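These notes are about the structure you will find just below.
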Amino acid sequence: MYTFNPGPSQVYPQVRQYLQDAFDEGWLSAQHRGERFVQLMRQTVQELKNKLNVPQDYTVFFMSSATECWEVLAQSLTPTKSFHLYNGAFGEKWFEYAKALRPATTGIQFGPDEIPDVHRLPGLDEQTDLVCITQNETSNATQLRDGVVLNIYNRLPGNALLAVDATSSLAGIQLKYIKADIWYASVQKCFGLPAGLSVMLLSPRAVERLRKINERSHYNSLTAQYEKMLNYQTTHTPNVLGIYLLSRVMADRAPIKAIHQHLQERATKLYDYFDQATQLSPLITNPEARSTTVIGLQGAPTLIEEVKRRALAQGLQLGSGYGSWKPTSLRIANFPAIPDAAFEQLVQFFAREFA
C-alpha cells in the first residue's frame with residue numbers, strides 16, 4: 001500500500017529500522033537532561049541546518065505540532081496583534097487561533113488562483129507584531145513562491161516580523177530562509193516521519209525580539225525555550241524518540257537542492273498529464289499558484305469517490321479534498337518519502353482507468 005495522503009503521509013521505509021535501533025540503543029528511556037541527549041540535540045540541529053541550507057545563525061526549536069507553533073507565536077511574539085494573509089483552511093485556522101489570543105489581530109483572504117498584490121494590502125500598521133503567511137496551503141494545493149514571500153518581507157511595517165507556515169513544504173523544497181524571521185513545519189509530511197514533532201526556525205531578529213518581550217508565563221514560552229536551547233536542552237520533557245528519528249532521517253537524506261529538483265520534476269509530470277486529461281483536472285488553474293508538494297485534482301463528486309475507491313483497490317491511497325473542496329477534489333502528496341515507483345504506478349492507474 002502506498003499512501004498519497006498529504007498528512008500524516010508515507011514514512012520512509014528506513015523508519016522501521018530506526019525504531020528498532022532506538023529500542024536497542026535505549027533511547028525510549030533515555031534521560032533528557034543527560035549529556036547523551038544533549039549530543040543528540042546538537043547533532044540533529046546541525047543535520048537540519050546542513051541538509052536544508054538553514055542559516056547557521058538561525059535558532060532551531062522542537063515542539064509537538066504546527067498548532068503549538070501557532071500558540072507559542074501568539075504568546076511570546078505577539079504582545080499586540082498579528083496580520084494574516086491566507087487563501088485556505090489552515091491559514092484561516094491560524095488566523096482564528098491567533099485572534100482568540102490577541103483580539104486585535106486582523107486578516108485578509110485571497111483566492112486560491114490569485115497571487116496576492118502585497119503592495120495593496122490594507123491592515124499593516126505600526127502596531128502589527130507579526131505578519132503571518134502560509135507558504136504551502138495543504139488544504140487546497142497552493143503555494144506562495146519566493147518572489148511573493150520576498151515582497152511581503154520587504155513591506156513589513158515598523159518592527160513587524162514575518163512568520164511562515166511551511167508545514168507541507170519544509171524539507172521538500174528549497175526555501176530562502178533569510179527572507180522571513182520564523183519558519184515552522186510538522187514532521188509528518190516532507191520529513192517522512194510519524195506525527196508528534198514540529199520544527200521551528202527563528203532568525204536572529206526574531207530571537208532579539210523574543211528576548212526583548214521576555215514573555216515567561218507558559219511552560220512553552222519562547223524566551224525560556226531559547227535559553228534552554230543555548231545548551232541544547234528543553235524546558236519540558238521532549239519527544240526524544242521523535243528527535244532521534246529526525247536525526248536519523250536527516251543524516252540519511254540527500255541535500256535539499258537534489259530533493260527539490262526531484263520533487264519539481266515529479267510535480268511537473270503530474271500537472272502536465274492532468275492538464276491534458278478529460279475527466280480530472282488540476283484544482284488550481286493558475287500554474288504560478290500551484291503547489292509542488294501537494295497536487296490537487298477536481299472532478300464531479302461521484303467521479304472523485306470512484307477514483308479513490310478504485311485506486312485503493314490497487315494499493316494506492318489518495319488524499320481526500322479538504323473543507324469546502326472535499327466533495328469535488330482529491331489531493332496527492334508529492335513528498336520525498338514516496339518512492340518513484342509509486343508515482344509511476346499512479347500515472348499508469350489514471351491512464352488505464354480514467355484516460
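As shown in the C-alpha cells, the chain order sets the letters A, B, ...; within each chain, residues go from 1, and ligands are also counted from 1 in the order they appear.
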>> Which residues are near range 68-82 of chain A? Cut-off 6 Å, only C-alpha atoms, ignore same chain within fewer than 3 positions. Put them as an NGL selection string.
In response: :A and (65 or 98 or 102 or 104-105 or 128-131 or 210 or 215 or 222)
Taking only C-alpha atoms into account, produce a table as a Markdown table in which each residue of range 124-209 of chain A with an atom at most 9 Å from an atom of range 278-291 of chain A appears once, together with its shortest atom pair and the distance in Å to one decimal, ordered by chain and rising number.
| residue | atom | partner | partner_atom | distance |
| --- | --- | --- | --- | --- |
| A:Asn136 | CA | A:Ser291 | CA | 6.6 |
| A:Glu137 | CA | A:Ser291 | CA | 7.9 |
| A:Thr138 | CA | A:Ser291 | CA | 8.6 |
| A:Asn140 | CA | A:Leu283 | CA | 7.6 |
| A:Ala141 | CA | A:Ser291 | CA | 5.2 |
| A:Thr142 | CA | A:Ser291 | CA | 4.6 |
| A:Gln143 | CA | A:Ser291 | CA | 4.6 |
| A:Leu144 | CA | A:Ala289 | CA | 6.6 |
| A:Arg145 | CA | A:Ala289 | CA | 7.8 |
| A:Ser169 | CA | A:Ser291 | CA | 8.7 |
>> Just list as a list in words whatever in range 20-159 of chain A DSSP marks as strand (DSSP E).
In response: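 Those residues are Thr59, Val60, Phe61, Phe62, Met63, Lys81, Ser82, Phe83, His84, Leu85, Tyr86, Thr106, Gly107, Ile108, Gln109, Thr128, Asp129, Leu130, Val131, Cys132, Ile133, Thr134, Asn136, Glu137, Thr142 and Gln143 of chain A.
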What does the file look like for those residues with N, CA, C and O atoms, as a compact mmCIF listing (two decimals), in the first residue's frame?
# COMPACT_ATOMS: atom_id res chain seq x y z
N THR A 59 18.04 29.90 15.00
CA THR A 59 17.87 29.01 16.15
C THR A 59 16.78 27.99 15.86
O THR A 59 15.71 28.36 15.36
N VAL A 60 17.03 26.73 16.17
CA VAL A 60 16.09 25.64 15.95
C VAL A 60 15.39 25.30 17.25
O VAL A 60 16.03 25.17 18.30
N PHE A 61 14.06 25.18 17.18
CA PHE A 61 13.25 24.74 18.32
C PHE A 61 12.47 23.50 17.91
O PHE A 61 12.08 23.34 16.75
N PHE A 62 12.19 22.62 18.87
CA PHE A 62 11.36 21.45 18.64
C PHE A 62 10.10 21.55 19.49
O PHE A 62 10.18 21.76 20.71
N MET A 63 8.96 21.40 18.83
CA MET A 63 7.67 21.45 19.52
C MET A 63 6.85 20.24 19.11
O MET A 63 7.31 19.37 18.38
N LYS A 81 -0.81 42.43 18.25
CA LYS A 81 -1.65 41.78 17.24
C LYS A 81 -0.79 41.27 16.10
O LYS A 81 0.35 41.68 15.91
N SER A 82 -1.38 40.36 15.33
CA SER A 82 -0.75 39.86 14.11
C SER A 82 -1.67 40.12 12.93
O SER A 82 -2.87 40.37 13.09
N PHE A 83 -1.09 40.07 11.74
CA PHE A 83 -1.84 40.21 10.49
C PHE A 83 -1.65 38.94 9.68
O PHE A 83 -0.52 38.47 9.51
N HIS A 84 -2.76 38.37 9.17
CA HIS A 84 -2.72 37.09 8.47
C HIS A 84 -3.22 37.23 7.04
O HIS A 84 -4.30 37.76 6.79
N LEU A 85 -2.42 36.74 6.12
CA LEU A 85 -2.77 36.69 4.71
C LEU A 85 -2.93 35.23 4.34
O LEU A 85 -1.99 34.45 4.44
N TYR A 86 -4.14 34.81 3.93
CA TYR A 86 -4.40 33.38 3.74
C TYR A 86 -5.37 33.14 2.59
O TYR A 86 -6.13 34.03 2.19
N THR A 106 -5.86 40.91 12.79
CA THR A 106 -6.64 41.07 11.56
C THR A 106 -6.14 40.11 10.49
O THR A 106 -5.05 39.55 10.59
N GLY A 107 -6.95 39.95 9.44
CA GLY A 107 -6.56 39.06 8.35
C GLY A 107 -7.30 39.38 7.07
O GLY A 107 -8.36 40.00 7.09
N ILE A 108 -6.71 38.96 5.96
CA ILE A 108 -7.31 39.14 4.64
C ILE A 108 -7.20 37.82 3.88
O ILE A 108 -6.13 37.20 3.85
N GLN A 109 -8.29 37.42 3.26
CA GLN A 109 -8.31 36.20 2.46
C GLN A 109 -8.20 36.54 0.98
O GLN A 109 -8.79 37.53 0.53
N THR A 128 1.45 46.22 14.32
CA THR A 128 1.48 44.82 13.91
C THR A 128 2.80 44.19 14.36
O THR A 128 3.88 44.64 13.98
N ASP A 129 2.70 43.13 15.16
CA ASP A 129 3.88 42.44 15.65
C ASP A 129 4.37 41.37 14.68
O ASP A 129 5.56 41.21 14.48
N LEU A 130 3.42 40.63 14.10
CA LEU A 130 3.74 39.54 13.18
C LEU A 130 2.89 39.66 11.94
O LEU A 130 1.69 39.95 12.01
N VAL A 131 3.50 39.42 10.78
CA VAL A 131 2.76 39.20 9.53
C VAL A 131 2.88 37.71 9.25
O VAL A 131 3.99 37.17 9.20
N CYS A 132 1.74 37.04 9.07
CA CYS A 132 1.70 35.58 9.02
C CYS A 132 1.17 35.09 7.68
O CYS A 132 0.09 35.52 7.24
N ILE A 133 1.92 34.21 7.04
CA ILE A 133 1.51 33.65 5.76
C ILE A 133 1.69 32.14 5.78
O ILE A 133 2.48 31.60 6.54
N THR A 134 0.95 31.47 4.92
CA THR A 134 1.11 30.03 4.73
C THR A 134 1.77 29.82 3.38
O THR A 134 1.17 30.10 2.34
N ASN A 136 2.77 27.08 1.85
CA ASN A 136 2.18 25.97 1.09
C ASN A 136 0.88 25.57 1.79
O ASN A 136 0.91 25.02 2.89
N GLU A 137 -0.25 25.90 1.19
CA GLU A 137 -1.55 25.63 1.80
C GLU A 137 -2.00 24.21 1.47
O GLU A 137 -2.42 23.91 0.36
N THR A 142 -2.05 24.97 -2.90
CA THR A 142 -1.48 26.21 -3.44
C THR A 142 -0.14 26.51 -2.78
O THR A 142 0.21 25.94 -1.75
N GLN A 143 0.58 27.45 -3.39
CA GLN A 143 1.93 27.76 -2.92
C GLN A 143 2.25 29.23 -3.20
O GLN A 143 1.89 29.76 -4.25
>> List the spatial neighbours of Arg211 in chain A as an MDAnalysis selection string - criterion: any atom at most 12 Å away, only C-alpha atoms, same-chain residues fewer than 6 positions off excluded.
In response: chainID A and resid 76:77 204:205 221:227
Since we have the selection now, will you write its residues out, keeping C-alpha atoms, as a PDB file, in the first residue's frame?
ATOM      1  CA  SER A  76       5.656  35.047  23.018  1.00  0.00           C
ATOM      2  CA  LEU A  77       5.999  37.246  19.924  1.00  0.00           C
ATOM      3  CA  PRO A 204      18.495  36.475  14.919  1.00  0.00           C
ATOM      4  CA  ARG A 205      15.985  39.328  14.568  1.00  0.00           C
ATOM      5  CA  SER A 221       7.324  30.326  26.407  1.00  0.00           C
ATOM      6  CA  LEU A 222       9.879  31.065  23.717  1.00  0.00           C
ATOM      7  CA  THR A 223      12.210  33.033  25.975  1.00  0.00           C
ATOM      8  CA  ALA A 224      12.680  30.073  28.311  1.00  0.00           C
ATOM      9  CA  GLN A 225      12.932  27.661  25.384  1.00  0.00           C
ATOM     10  CA  TYR A 226      15.625  29.826  23.789  1.00  0.00           C
ATOM     11  CA  GLU A 227      17.676  29.923  26.979  1.00  0.00           C
TER      12      GLU A 227
END
>> For a test of reading the model, state the distance in Å between CA of Gln20 in chain A and CA of Tyr244 in chain A, rounded to one decimal.
In response: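 Computing the Euclidean distance for CA of Gln20 in chain A and CA of Tyr244 in chain A yields 11.8 Å.
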>> I'd like the contact shell of Phe4 in chain A - 8 Å cut-off, only C-alpha atoms, skipping same-chain residues fewer than 2 positions apart - returned as a ChimeraX atom specification.
In response: /A:2,6,9-10,316-319,331-334,338
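Counting only C-alpha atoms and comparing A:Gln14, A:Thr67, A:Gln127, A:Ser168, the residue that lies closest to Trp94 in chain A is A:Thr67.
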>> Just to confirm, what's the straight-line distance from CA of Leu263 in chain A to CA of Ala342 in chain A in Å (one decimal)?
In response: 13.2 Å
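Note that CA of Lys326 in chain A and CA of Leu197 in chain A are 26.6 Å apart.
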> A:Trp325, A:Leu330, A:Val307, A:Asp21: which is nearest Ala89 in chain A, counting only C-alpha atoms?
Replying inline: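 Among A:Trp325, A:Leu330, A:Val307, A:Asp21, it is A:Trp325 that comes nearest to Ala89 in chain A.
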> A:Gly321, A:Leu246, A:Arg352, A:Tyr273: which is nearest Val15 in chain A, counting only C-alpha atoms?
Replying inline: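 For Val15 in chain A, the nearest of the given residues is A:Leu246.
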> range 29-74 of chain A: which residues are helix (DSSP H, G or I) by DSSP, as number ranges by chain?
Replying inline: A: 29, 35-52, 66-74
> Nearest to Asp272 in chain A: which of A:Val347, A:Val54, A:Thr302, A:Lys308 is it, counting only C-alpha atoms?
Replying inline: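 Selected residue with least distance to Asp272 in chain A: A:Val347.
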> Looking at only C-alpha atoms, which of A:Pro194, A:Pro255, A:Pro327, A:Pro301 is the one that sits closest to Tyr12 in chain A?
Replying inline: A:Pro194
>> Which residues are near Gln174 in chain A? Cut-off 7 Å, only C-alpha atoms, ignore same chain within fewer than 3 positions. Put them as a PyMOL selection string.
In response: chain A and resi 256-257+260
> Taking only C-alpha atoms into account, which of A:Tyr153, A:Phe90, A:Tyr271, A:Phe110 comes nearest Ile295 in chain A?
Replying inline: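 The shortest atom-to-atom distance to Ile295 in chain A comes from A:Tyr271.
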>> Give me the residues near range 190-193 of chain A as number ranges by chain, where near means some atom within 6 Å (using only C-alpha atoms) and where sequence neighbours in that chain fewer than 6 positions away do not count.
In response: A: 11-12, 171-172, 335, 337
Go ahead and dump the residues you just picked, all heavy atoms, as a compact mmCIF listing (two decimals), in the first residue's frame.
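Now in selection23.txt:
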# COMPACT_ATOMS: atom_id res chain seq x y z
N VAL A 11 5.78 7.31 5.41
CA VAL A 11 7.05 7.48 6.11
C VAL A 11 8.14 6.76 5.32
O VAL A 11 7.86 5.85 4.53
CB VAL A 11 6.99 6.94 7.56
CG1 VAL A 11 5.93 7.66 8.35
CG2 VAL A 11 6.78 5.44 7.58
N TYR A 12 9.37 7.17 5.55
CA TYR A 12 10.48 6.47 4.90
C TYR A 12 10.51 5.01 5.37
O TYR A 12 10.31 4.73 6.56
CB TYR A 12 11.81 7.14 5.27
CG TYR A 12 12.09 8.41 4.51
CD1 TYR A 12 11.99 9.65 5.14
CD2 TYR A 12 12.48 8.38 3.18
CE1 TYR A 12 12.26 10.82 4.47
CE2 TYR A 12 12.76 9.54 2.49
CZ TYR A 12 12.64 10.76 3.13
OH TYR A 12 12.91 11.91 2.43
N ALA A 171 11.52 20.93 4.04
CA ALA A 171 12.22 19.66 3.82
C ALA A 171 11.82 18.99 2.51
O ALA A 171 12.31 17.91 2.20
CB ALA A 171 12.02 18.67 4.98
N GLY A 172 10.97 19.67 1.73
CA GLY A 172 10.62 19.15 0.42
C GLY A 172 11.09 20.05 -0.70
O GLY A 172 11.48 19.57 -1.76
N PHE A 335 5.66 14.02 -1.61
CA PHE A 335 6.64 14.16 -0.55
C PHE A 335 7.84 13.25 -0.81
O PHE A 335 7.72 12.22 -1.48
CB PHE A 335 6.02 13.82 0.81
CG PHE A 335 4.89 14.74 1.23
CD1 PHE A 335 3.95 14.32 2.15
CD2 PHE A 335 4.78 16.02 0.71
CE1 PHE A 335 2.91 15.15 2.55
CE2 PHE A 335 3.75 16.87 1.09
CZ PHE A 335 2.81 16.43 2.02
N ALA A 337 9.42 10.97 0.82
CA ALA A 337 9.39 9.57 1.25
C ALA A 337 8.59 8.68 0.31
O ALA A 337 8.70 7.45 0.39
CB ALA A 337 8.84 9.45 2.66
